[in-house]
>>> print(open('coords.txt').read())   # compact mmCIF, C-alpha atoms
# COMPACT_ATOMS: atom_id res chain seq x y z
CA MET A 14 19.46 -15.19 -19.85
CA SER A 15 15.71 -15.27 -19.77
CA VAL A 16 13.10 -16.37 -17.24
CA SER A 17 12.34 -20.06 -17.70
CA TYR A 18 8.85 -20.52 -19.10
CA GLU A 19 8.91 -24.29 -18.58
CA ASN A 20 10.10 -24.16 -14.99
CA SER A 21 7.70 -21.34 -14.11
CA LYS A 22 4.98 -23.69 -15.34
CA ARG A 23 6.33 -26.43 -13.08
CA VAL A 24 6.28 -24.09 -10.08
CA PHE A 25 2.74 -23.04 -10.89
CA GLU A 26 1.62 -26.65 -11.25
CA GLY A 27 3.28 -27.36 -7.90
CA ILE A 28 1.31 -24.55 -6.28
CA LYS A 29 -1.93 -25.94 -7.66
CA ALA A 30 -1.03 -29.52 -6.70
CA ALA A 31 -0.34 -28.38 -3.13
CA GLY A 32 -4.00 -27.36 -2.91
CA ILE A 33 -3.32 -23.62 -2.76
CA LYS A 34 -6.47 -21.59 -3.42
CA SER A 35 -5.14 -18.06 -3.15
CA VAL A 36 -1.87 -16.23 -3.69
CA SER A 37 -0.65 -12.80 -2.68
CA ALA A 38 2.20 -11.35 -4.68
CA LEU A 39 4.22 -8.41 -5.80
CA PRO A 40 5.38 -8.67 -9.41
CA GLU A 41 9.07 -9.36 -10.01
CA THR A 42 10.94 -10.43 -13.16
CA TRP A 43 11.53 -14.06 -12.17
CA LEU A 44 7.86 -14.41 -11.21
CA VAL A 45 6.40 -12.95 -14.40
CA HIS A 46 5.27 -16.21 -16.07
CA LEU A 47 4.04 -17.55 -12.76
CA LEU A 48 1.92 -14.47 -12.08
CA GLN A 49 0.55 -14.56 -15.61
CA ARG A 50 -0.68 -18.10 -15.00
CA ALA A 51 -2.10 -17.12 -11.63
CA GLU A 52 -3.98 -14.21 -13.22
CA ASP A 53 -5.41 -16.47 -15.93
CA ASP A 54 -6.55 -19.20 -13.53
CA PRO A 55 -10.20 -18.66 -12.56
CA ASP A 56 -9.90 -21.04 -9.60
CA LEU A 57 -7.06 -19.12 -7.96
CA GLU A 58 -7.57 -15.87 -6.05
CA LEU A 59 -4.63 -13.56 -6.79
CA ILE A 60 -4.12 -10.43 -4.71
CA GLU A 61 -1.32 -8.13 -5.86
CA VAL A 62 -0.03 -5.80 -3.18
CA ALA A 63 1.70 -2.41 -3.24
CA LYS A 64 4.36 -3.57 -0.77
CA GLU A 65 5.14 -7.07 0.47
CA GLU A 66 4.36 -6.41 4.13
CA GLU A 67 0.68 -6.08 3.17
CA ALA A 68 0.81 -9.69 1.99
CA ILE A 69 1.64 -10.86 5.51
CA GLY A 70 -1.64 -9.34 6.71
CA ILE A 71 -3.56 -10.83 3.78
CA ALA A 72 -2.01 -14.25 4.47
CA ALA A 73 -3.11 -13.97 8.12
CA GLY A 74 -6.65 -13.16 6.98
CA ALA A 75 -6.64 -16.14 4.61
CA TYR A 76 -5.39 -18.39 7.42
CA PHE A 77 -8.15 -17.23 9.78
CA ALA A 78 -10.60 -17.87 6.94
CA GLY A 79 -9.21 -21.39 6.52
CA GLU A 80 -8.13 -20.92 2.88
CA PRO A 81 -4.79 -22.39 1.71
CA HIS A 82 -2.68 -19.38 0.82
CA LEU A 83 0.81 -18.84 -0.57
CA LEU A 84 3.01 -15.73 -0.86
CA LEU A 85 5.15 -14.91 -3.89
CA MET A 86 7.84 -12.28 -3.53
CA GLN A 87 11.42 -11.32 -4.28
CA ASN A 88 13.99 -11.54 -1.48
CA HIS A 89 14.06 -7.74 -1.23
CA GLY A 90 10.31 -7.89 -0.70
CA PHE A 91 10.89 -10.40 2.08
CA LEU A 92 13.32 -7.92 3.66
CA ALA A 93 10.66 -5.19 3.37
CA ALA A 94 8.10 -7.43 5.12
CA ILE A 95 10.12 -8.38 8.18
CA ASN A 96 8.17 -6.45 10.81
CA GLY A 97 4.94 -8.06 9.64
CA ILE A 98 6.58 -11.48 9.67
CA VAL A 99 7.91 -11.00 13.20
CA SER A 100 5.11 -9.00 14.84
CA LEU A 101 2.13 -10.62 13.17
CA ALA A 102 3.01 -14.09 11.87
CA GLN A 103 5.54 -15.18 14.47
CA LEU A 104 3.97 -13.34 17.41
CA TYR A 105 0.51 -14.81 16.77
CA HIS A 106 1.65 -18.23 15.46
CA ILE A 107 0.30 -17.72 11.97
CA PRO A 108 1.77 -19.91 9.21
CA LEU A 109 3.24 -18.38 6.05
CA CYS A 110 4.28 -20.37 3.01
CA MET A 111 6.64 -18.03 1.16
CA LEU A 112 8.12 -18.66 -2.29
CA ILE A 113 10.98 -16.19 -2.57
CA ALA A 114 12.86 -15.32 -5.76
CA PHE A 115 16.47 -15.55 -4.58
CA ARG A 116 18.06 -12.68 -6.51
CA GLY A 117 21.52 -11.22 -6.00
CA HIS A 118 23.47 -14.42 -5.54
CA TRP A 119 25.76 -16.73 -7.61
CA GLY A 120 25.75 -15.51 -11.21
CA GLU A 121 23.96 -12.25 -10.47
CA PRO A 122 24.92 -9.65 -13.11
CA TYR A 123 22.99 -6.72 -11.56
CA PRO A 124 24.82 -4.84 -8.79
CA TRP A 125 21.59 -3.56 -7.17
CA HIS A 126 20.47 -7.07 -6.25
CA THR A 127 23.71 -8.16 -4.62
CA ARG A 128 23.56 -6.78 -1.05
CA GLY A 129 20.10 -8.19 -0.48
CA GLY A 130 21.12 -11.50 -2.02
CA ILE A 131 24.22 -11.83 0.14
CA ILE A 132 22.34 -11.32 3.42
CA THR A 133 19.08 -13.18 2.67
CA GLU A 134 20.08 -16.55 4.14
CA GLU A 135 21.56 -14.98 7.28
CA VAL A 136 18.41 -12.94 7.85
CA LEU A 137 16.25 -16.05 7.44
CA ARG A 138 18.45 -17.85 9.99
CA ALA A 139 18.36 -14.91 12.40
CA LEU A 140 14.57 -14.91 12.25
CA GLY A 141 14.41 -18.65 12.82
CA ILE A 142 12.61 -19.20 9.52
CA PRO A 143 13.21 -22.67 8.07
CA PHE A 144 14.18 -22.54 4.39
CA GLU A 145 15.13 -24.76 1.46
CA TYR A 146 16.47 -24.14 -2.04
CA ALA A 147 14.44 -25.02 -5.13
CA ARG A 148 16.94 -25.89 -7.85
CA ALA A 149 15.80 -28.97 -9.76
CA PRO A 150 12.56 -28.57 -11.71
CA GLU A 151 11.58 -32.20 -11.11
CA ASN A 152 11.59 -31.63 -7.32
CA VAL A 153 9.93 -28.25 -7.04
CA ALA A 154 6.29 -29.44 -6.82
CA LYS A 155 7.17 -31.76 -3.96
CA GLN A 156 9.12 -28.98 -2.24
CA ILE A 157 6.19 -26.57 -2.44
CA LYS A 158 3.82 -29.15 -0.96
CA GLU A 159 6.33 -29.87 1.82
CA ALA A 160 6.82 -26.16 2.54
CA TYR A 161 3.07 -25.67 2.85
CA THR A 162 2.63 -28.75 5.06
CA PHE A 163 5.45 -27.66 7.34
CA SER A 164 4.14 -24.09 7.66
CA GLN A 165 0.76 -25.46 8.77
CA SER A 166 2.11 -27.98 11.26
CA SER A 167 4.67 -25.57 12.79
CA LEU A 168 2.38 -22.48 12.61
CA SER A 169 5.48 -20.68 11.41
CA PRO A 170 6.76 -18.83 8.37
CA VAL A 171 8.56 -21.18 5.96
CA ALA A 172 10.56 -20.11 2.89
CA LEU A 173 11.36 -21.89 -0.34
CA LEU A 174 14.08 -19.98 -2.20
CA LEU A 175 13.59 -20.05 -5.97
CA THR A 176 17.15 -20.10 -7.32
CA ARG A 177 18.71 -18.97 -10.59
CA ASP A 178 19.19 -22.61 -11.64
CA LEU A 179 15.44 -23.04 -11.56
CA MET A 180 14.17 -19.66 -12.73
CA GLU A 181 16.51 -18.83 -15.64
CA ASP A 182 17.18 -20.65 -18.90
CA MET B 14 -15.75 13.14 19.92
CA GLU B 15 -14.31 10.26 21.92
CA ARG B 16 -13.30 6.99 20.30
CA ALA B 17 -14.66 5.07 23.29
CA LYS B 18 -18.05 6.69 22.66
CA CYS B 19 -17.93 5.74 18.95
CA LEU B 20 -17.13 2.14 19.88
CA GLU B 21 -20.02 2.11 22.32
CA VAL B 22 -22.36 3.36 19.59
CA ILE B 23 -21.42 0.58 17.14
CA TYR B 24 -20.73 -2.21 19.67
CA PRO B 25 -24.17 -3.88 19.28
CA GLU B 26 -23.67 -3.87 15.49
CA LEU B 27 -20.38 -5.74 15.82
CA LYS B 28 -22.02 -8.82 17.30
CA ASP B 29 -22.08 -10.81 14.07
CA LYS B 30 -19.17 -9.16 12.22
CA LEU B 31 -15.48 -10.10 12.13
CA VAL B 32 -13.63 -7.24 13.79
CA VAL B 33 -9.91 -6.47 13.52
CA THR B 34 -8.52 -3.65 15.67
CA ILE B 35 -5.16 -1.96 15.87
CA MET B 36 -3.01 -1.94 18.97
CA GLY B 37 -3.20 0.02 22.17
CA ALA B 38 -6.06 2.29 23.20
CA CYS B 39 -8.43 1.23 20.41
CA ALA B 40 -8.04 -2.47 21.24
CA GLN B 41 -8.39 -1.83 24.96
CA GLU B 42 -11.52 0.28 24.61
CA LEU B 43 -13.23 -2.40 22.53
CA TYR B 44 -12.11 -5.10 24.96
CA ASN B 45 -13.47 -3.05 27.87
CA LEU B 46 -16.93 -3.08 26.27
CA GLY B 47 -16.78 -6.87 26.44
CA HIS B 48 -14.62 -9.27 24.47
CA ARG B 49 -16.25 -11.43 21.85
CA GLU B 50 -14.81 -14.42 19.98
CA ASN B 51 -15.19 -12.52 16.69
CA PHE B 52 -12.72 -9.79 17.75
CA PHE B 53 -9.03 -9.90 16.81
CA TYR B 54 -6.66 -7.39 18.39
CA LEU B 55 -3.53 -6.73 16.35
CA GLN B 56 -1.29 -5.59 19.20
CA HIS B 57 1.72 -4.90 16.97
CA ALA B 58 2.63 -4.90 13.26
CA MET B 59 1.22 -1.39 12.83
CA GLY B 60 -0.49 -0.80 9.52
CA LEU B 61 -1.53 -4.38 8.80
CA ALA B 62 -5.04 -4.42 10.34
CA SER B 63 -6.63 -3.44 7.02
CA SER B 64 -4.52 -6.04 5.15
CA ILE B 65 -5.84 -8.72 7.52
CA GLY B 66 -9.32 -7.34 6.84
CA LEU B 67 -8.77 -7.67 3.08
CA GLY B 68 -7.54 -11.26 3.51
CA LEU B 69 -10.65 -12.10 5.56
CA ALA B 70 -13.03 -10.30 3.22
CA LYS B 71 -11.74 -11.92 0.02
CA HIS B 72 -11.89 -15.41 1.49
CA LEU B 73 -15.15 -15.09 3.46
CA PRO B 74 -17.61 -13.42 1.09
CA LYS B 75 -20.59 -14.20 3.34
CA GLU B 76 -19.09 -12.41 6.37
CA LYS B 77 -18.99 -8.71 7.12
CA ILE B 78 -15.56 -7.43 8.13
CA VAL B 79 -14.94 -4.31 10.21
CA VAL B 80 -11.42 -2.91 10.59
CA LEU B 81 -10.84 -0.40 13.39
CA ASP B 82 -7.71 1.46 12.30
CA GLY B 83 -5.94 4.64 13.40
CA ASP B 84 -4.17 7.55 11.70
CA GLY B 85 -0.73 6.53 12.98
CA SER B 86 -1.24 2.94 11.88
CA VAL B 87 -2.63 3.59 8.42
CA LEU B 88 0.16 6.11 7.76
CA MET B 89 2.58 3.19 8.14
CA ASN B 90 0.88 1.27 5.32
CA LEU B 91 -0.53 3.78 2.86
CA GLY B 92 -0.22 1.26 0.03
CA THR B 93 -3.16 -0.55 1.61
CA LEU B 94 -5.50 2.22 0.43
CA SER B 95 -4.69 1.53 -3.23
CA THR B 96 -4.80 -2.24 -2.72
CA LEU B 97 -8.24 -1.91 -1.09
CA ALA B 98 -9.41 0.37 -3.91
CA ARG B 99 -8.24 -2.16 -6.51
CA TYR B 100 -9.79 -5.25 -4.91
CA ARG B 101 -12.78 -3.40 -3.45
CA PRO B 102 -13.92 -5.95 -0.86
CA LYS B 103 -17.69 -5.39 -0.85
CA ASN B 104 -18.10 -6.93 2.58
CA MET B 105 -15.60 -4.72 4.39
CA LEU B 106 -15.81 -1.48 6.33
CA HIS B 107 -12.56 0.33 7.12
CA ILE B 108 -12.84 2.84 9.97
CA ILE B 109 -9.97 5.18 10.80
CA PHE B 110 -10.07 6.81 14.22
CA ASP B 111 -8.07 9.94 13.48
CA ASN B 112 -6.87 11.50 16.72
CA GLY B 113 -3.87 13.22 15.14
CA SER B 114 -1.66 11.54 17.68
CA LEU B 115 0.53 8.53 18.31
CA LEU B 116 -1.37 8.22 21.58
CA SER B 117 -0.32 4.75 22.64
CA THR B 118 3.35 5.56 22.22
CA GLY B 119 3.67 8.83 24.07
CA GLY B 120 1.10 11.09 22.41
CA PHE B 121 3.38 12.61 19.80
CA ALA B 122 1.57 14.47 17.03
CA SER B 123 0.93 12.40 13.90
CA HIS B 124 1.00 13.88 10.39
CA THR B 125 -2.78 14.41 10.45
CA THR B 126 -2.58 16.98 13.24
CA SER B 127 -3.89 20.48 12.37
CA GLY B 128 -5.63 19.06 9.32
CA LEU B 129 -2.45 19.06 7.25
CA THR B 130 -2.87 15.52 6.00
CA ASP B 131 -6.40 14.57 5.00
CA LEU B 132 -6.87 10.80 5.14
CA ALA B 133 -10.34 10.95 3.58
CA MET B 134 -8.92 12.80 0.58
CA MET B 135 -6.06 10.31 0.35
CA ALA B 136 -8.56 7.45 0.33
CA ARG B 137 -10.50 9.13 -2.49
CA GLY B 138 -7.25 9.71 -4.34
CA ALA B 139 -6.40 6.05 -3.97
CA GLY B 140 -9.65 5.25 -5.77
CA ILE B 141 -11.99 4.39 -2.89
CA GLU B 142 -15.50 5.47 -3.82
CA HIS B 143 -17.45 5.48 -0.57
CA VAL B 144 -15.61 7.75 1.85
CA ALA B 145 -17.25 9.54 4.79
CA THR B 146 -15.95 11.78 7.57
CA ALA B 147 -17.63 11.97 10.98
CA VAL B 148 -17.04 14.56 13.69
CA ASN B 149 -19.80 13.60 16.16
CA PRO B 150 -21.22 10.26 17.38
CA LEU B 151 -24.51 10.73 15.52
CA GLN B 152 -22.73 11.28 12.19
CA PHE B 153 -20.48 8.34 12.98
CA GLY B 154 -23.37 6.00 13.77
CA GLU B 155 -25.17 7.01 10.58
CA ALA B 156 -22.06 6.57 8.45
CA VAL B 157 -21.56 3.07 9.87
CA LEU B 158 -25.19 2.07 9.29
CA ASP B 159 -24.99 3.41 5.71
CA ALA B 160 -21.86 1.35 5.17
CA PHE B 161 -23.48 -1.86 6.43
CA GLU B 162 -26.49 -1.33 4.16
CA ARG B 163 -24.40 -0.45 1.14
CA ASP B 164 -22.86 -3.85 0.29
CA ASP B 165 -19.73 -2.16 -1.03
CA PHE B 166 -16.34 -1.27 0.39
CA SER B 167 -16.68 1.75 2.68
CA PHE B 168 -14.16 3.96 4.39
CA ILE B 169 -14.93 6.24 7.35
CA VAL B 170 -12.63 8.76 8.97
CA ALA B 171 -13.82 9.50 12.53
CA LYS B 172 -12.24 12.60 14.03
CA VAL B 173 -11.65 11.83 17.70
CA GLN B 174 -9.85 13.33 20.67
CA ALA B 175 -6.44 12.04 21.63
CA ILE B 176 -7.52 10.28 24.81
CA GLY B 177 -7.45 6.63 25.79
CA PRO B 178 -8.35 4.34 28.66
CA ASP B 179 -6.85 4.80 32.14
CA LYS B 180 -5.59 1.24 32.39
CA PHE B 181 -4.28 -1.29 29.92
CA GLY B 182 -4.46 -5.05 30.21
CA MET B 183 -6.33 -8.02 28.79
CA ASP B 184 -6.89 -11.48 30.14
CA LEU B 185 -6.22 -12.87 26.68
CA HIS B 186 -2.87 -14.00 25.33
CA LEU B 187 -2.04 -12.89 21.80
CA ALA B 188 -1.78 -16.42 20.40
CA GLU B 189 -4.91 -17.43 22.29
CA ASN B 190 -6.78 -14.58 20.62
CA ALA B 191 -5.56 -15.77 17.19
CA PHE B 192 -6.47 -19.43 17.85
CA ARG B 193 -9.93 -18.58 19.17
CA PHE B 194 -10.64 -16.07 16.40
CA ARG B 195 -9.81 -18.71 13.78
CA ARG B 196 -11.86 -21.36 15.58
CA TYR B 197 -14.85 -19.00 15.75
CA ILE B 198 -14.65 -18.51 11.96
CA GLN B 199 -14.19 -22.21 11.21
CA GLU B 200 -17.13 -23.19 13.43
CA LYS B 201 -19.31 -20.58 11.77
CA LYS B 202 -18.27 -21.94 8.36
CA GLN B 203 -19.15 -25.48 9.44
CA GLN B 204 -22.50 -24.26 10.73
CA GLY B 205 -23.13 -22.54 7.40
CA LEU B 206 -22.43 -25.77 5.53
CA LYS B 207 -24.92 -27.65 7.69
CA GLU B 208 -27.73 -25.14 7.22
>>> encode(input="coords.txt", output="structure tokens")
Amino acid sequence: MSVSYENSKRVFEGIKAAGIKSVSALPETWLVHLLQRAEDDPDLELIEVAKEEEAIGIAAGAYFAGEPHLLLMQNHGFLAAINGIVSLAQLYHIPLCMLIAFRGHWGEPYPWHTRGGIITEEVLRALGIPFEYARAPENVAKQIKEAYTFSQSSLSPVALLLTRDLMED
Amino acid sequence: MERAKCLEVIYPELKDKLVVTIMGACAQELYNLGHRENFFYLQHAMGLASSIGLGLAKHLPKEKIVVLDGDGSVLMNLGTLSTLARYRPKNMLHIIFDNGSLLSTGGFASHTTSGLTDLAMMARGAGIEHVATAVNPLQFGEAVLDAFERDDFSFIVAKVQAIGPDKFGMDLHLAENAFRFRRYIQEKKQQGLKE
């Protein structure tokens, strides 16, 4: 199994087509090609954080500034960012468009990813965060644009889960 | 040195800057000096004030950003020091009011009490170049003016007493503060485009 170069490209093109001008991220294996493209793109501001909760603050700053922003993280990073999501984004009605690598689920060979993978959807539901699954490469650009649009209209965090079907070859 | 005194000293300078404060006493003391549309009070999510500041600074290069942080808050998000060092937002000033106490939540001693943990040294270790420590209002005022003139990311640790305001309360809902803060920025941007 390897990370899909072609589909990472599709996701990146979807981010650009959605009008996103800046991205905050913490590197993770499934996001490696995506982040490489983001780093190489002079028109995209990429801010890499030390821990995902920082990215919630950065996203709030970008929203106040009026710049279309997107967050890239692994689901364990999402779990690490929950207080920021609840007590900054949700409390102050600040939109977040989160693309989350959905590790630790169907087909997961690594034991350390499994607990986080098993509980991710239930945590999203408990937090009242709307989410969708990105599986088919031909749909992902549309899904990213829709996720961004919905986050802005609802002033809420929104998650698009990047699945194994999409991210691995 | 009292934090309220420090805020009074720099209040006139904050008129045209975007200001993000942490929760509790710090937010209240700034509010008591007179709320302005360019102030955002982060009343929860401890540790993220400086991350909001970074997000503002990177996306609004023409604005000056001032973050009013505390020892207890920054200790909850130490990674922010290395992220700020790496991205070095030239238009941002990060002030830590270090009172060695979790004052707003019962006054328990924080890790900086007795000088055990040195936040200025941690900032330098993270790679932040311009770091100052102030122990009296004059030093503090000078450090802030230096920072504004510098046009580079600056970090100030202000050693203050663990005291806060007598009363808490704002006639400003959290979401209302966020909406108005964003509107202030957007209107200023529009104005800038017209000029």
>>> residues_near_point(input="coords.txt", point="(-17.5, -5.1, 1.5)", cutoff="10 Å", atoms="all atoms listed in the file", output="PyMOL selection string")
chain B and resi 67+70-71+74-79+101-107+160-161+163-167
>>> residues_around(input="coords.txt", residues="range 37-51 of chain B", least_positions_apart="2", cutoff="7 Å", atoms="all atoms listed in the file", output="JSON, numbers by chain")
{"B": [17, 20, 30, 31, 32, 34, 35, 53, 54, 56, 117, 177, 178, 181, 193, 194, 197]}
>>> closest_residue(input="coords.txt", among="A:Met14, A:Ala139, A:Met111, A:Leu101", to="Lys158 in chain A", atoms="only C-alpha atoms")
A:Met111
>>> interface_residues(input="coords.txt", of="chain B", to="chain A", cutoff="8 Å", atoms="all atoms listed in the file", output="list of chain:residue names")
B:Leu55, B:His57, B:Ala58, B:Leu61, B:Ala62, B:Ser63, B:Ser64, B:Ile65, B:Gly66, B:Leu67, B:Gly68, B:Leu69, B:Ala70, B:His72, B:Leu73, B:Asn90, B:Gly92, B:Thr93, B:Ser95, B:Thr96, B:Tyr100, B:Leu187, B:Ala188, B:Ala191, B:Phe194, B:Arg195, B:Ile198, B:Gln199
>>> write_last_selection(input="coords.txt", atoms="C-alpha atoms", output="PDB file, in the frame of the given file")
ATOM      1  CA  LEU B  55      -3.530  -6.730  16.350  1.00  0.00           C
ATOM      2  CA  HIS B  57       1.720  -4.900  16.970  1.00  0.00           C
ATOM      3  CA  ALA B  58       2.630  -4.900  13.260  1.00  0.00           C
ATOM      4  CA  LEU B  61      -1.530  -4.380   8.800  1.00  0.00           C
ATOM      5  CA  ALA B  62      -5.040  -4.420  10.340  1.00  0.00           C
ATOM      6  CA  SER B  63      -6.630  -3.440   7.020  1.00  0.00           C
ATOM      7  CA  SER B  64      -4.520  -6.040   5.150  1.00  0.00           C
ATOM      8  CA  ILE B  65      -5.840  -8.720   7.520  1.00  0.00           C
ATOM      9  CA  GLY B  66      -9.320  -7.340   6.840  1.00  0.00           C
ATOM     10  CA  LEU B  67      -8.770  -7.670   3.080  1.00  0.00           C
ATOM     11  CA  GLY B  68      -7.540 -11.260   3.510  1.00  0.00           C
ATOM     12  CA  LEU B  69     -10.650 -12.100   5.560  1.00  0.00           C
ATOM     13  CA  ALA B  70     -13.030 -10.300   3.220  1.00  0.00           C
ATOM     14  CA  HIS B  72     -11.890 -15.410   1.490  1.00  0.00           C
ATOM     15  CA  LEU B  73     -15.150 -15.090   3.460  1.00  0.00           C
ATOM     16  CA  ASN B  90       0.880   1.270   5.320  1.00  0.00           C
ATOM     17  CA  GLY B  92      -0.220   1.260   0.030  1.00  0.00           C
ATOM     18  CA  THR B  93      -3.160  -0.550   1.610  1.00  0.00           C
ATOM     19  CA  SER B  95      -4.690   1.530  -3.230  1.00  0.00           C
ATOM     20  CA  THR B  96      -4.800  -2.240  -2.720  1.00  0.00           C
ATOM     21  CA  TYR B 100      -9.790  -5.250  -4.910  1.00  0.00           C
ATOM     22  CA  LEU B 187      -2.040 -12.890  21.800  1.00  0.00           C
ATOM     23  CA  ALA B 188      -1.780 -16.420  20.400  1.00  0.00           C
ATOM     24  CA  ALA B 191      -5.560 -15.770  17.190  1.00  0.00           C
ATOM     25  CA  PHE B 194     -10.640 -16.070  16.400  1.00  0.00           C
ATOM     26  CA  ARG B 195      -9.810 -18.710  13.780  1.00  0.00           C
ATOM     27  CA  ILE B 198     -14.650 -18.510  11.960  1.00  0.00           C
ATOM     28  CA  GLN B 199     -14.190 -22.210  11.210  1.00  0.00           C
TER      29      GLN B 199
END
>>> residues_around(input="coords.txt", residues="Met89 in chain B", least_positions_apart="4", cutoff="7 Å", atoms="only C-alpha atoms", output="CSV table (one decimal) with C-alpha atoms, in the coordinates of the input")
chain,number,residue,atom,x,y,z
B,59,MET,CA,1.2,-1.4,12.8
B,60,GLY,CA,-0.5,-0.8,9.5
B,85,GLY,CA,-0.7,6.5,13.0
>>> atom_distance(input="coords.txt", atom1="CA of Gly154 in chain B", atom2="CA of Lys201 in chain B")
27.0 Å
>>> closest_residue(input="coords.txt", among="A:Asp56, A:Glu41, A:Glu26, A:Asp178", to="Ala147 in chain A", atoms="all atoms listed in the file")
A:Asp178
>>> residues_near_point(input="coords.txt", point="(8.3, -16.1, -11.1)", cutoff="8 Å", atoms="only C-alpha atoms", output="JSON, numbers by chain")
{"A": [16, 21, 41, 42, 43, 44, 45, 46, 47, 48, 85, 114, 180]}
>>> closest_residue(input="coords.txt", among="B:Gly83, B:Gly182, B:Pro25, B:Pro150", to="Phe110 in chain B", atoms="all atoms listed in the file")
B:Gly83
>>> closest_residue(input="coords.txt", among="A:Val24, A:Leu39, A:Leu57, A:Leu83", to="Asn152 in chain A", atoms="only C-alpha atoms")
A:Val24
>>> residues_around(input="coords.txt", residues="range 159-164 of chain A", least_positions_apart="3", cutoff="7 Å", atoms="all atoms listed in the file", output="list in words")
Pro108, Leu109, Cys110, Lys155, Gln156, Ser167, Leu168, Ser169, Pro170, Val171 and Leu173 of chain A
>>> write_last_selection(input="coords.txt", atoms="C-alpha atoms", output="CSV table (one decimal), in the coordinates of the input")
chain,number,residue,atom,x,y,z
A,108,PRO,CA,1.8,-19.9,9.2
A,109,LEU,CA,3.2,-18.4,6.0
A,110,CYS,CA,4.3,-20.4,3.0
A,155,LYS,CA,7.2,-31.8,-4.0
A,156,GLN,CA,9.1,-29.0,-2.2
A,167,SER,CA,4.7,-25.6,12.8
A,168,LEU,CA,2.4,-22.5,12.6
A,169,SER,CA,5.5,-20.7,11.4
A,170,PRO,CA,6.8,-18.8,8.4
A,171,VAL,CA,8.6,-21.2,6.0
A,173,LEU,CA,11.4,-21.9,-0.3
>>> closest_residue(input="coords.txt", among="B:Asn190, B:Leu94, B:Gln203, B:Val87", to="Ile141 in chain B", atoms="all atoms listed in the file")
B:Leu94
>>> residues_around(input="coords.txt", residues="Phe153 in chain B", least_positions_apart="2", cutoff="10 Å", atoms="all atoms listed in the file", output="count of residues only")
22
>>> atom_distance(input="coords.txt", atom1="CA of Leu88 in chain B", atom2="CA of Ala133 in chain B")
12.3 Å
>>> atom_distance(input="coords.txt", atom1="CA of Glu208 in chain B", atom2="CA of Phe192 in chain B")
24.4 Å
>>> residues_around(input="coords.txt", residues="Ser123 in chain B", least_positions_apart="2", cutoff="12 Å", atoms="all atoms listed in the file", output="JSON, numbers by chain")
{"B": [83, 84, 85, 86, 87, 88, 89, 111, 112, 113, 114, 115, 116, 117, 118, 119, 120, 121, 125, 126, 127, 128, 129, 130, 131, 132, 175]}
>>> closest_residue(input="coords.txt", among="A:Leu174, A:Ile131, A:Ile157, A:Leu137", to="Ala30 in chain A", atoms="only C-alpha atoms")
A:Ile157
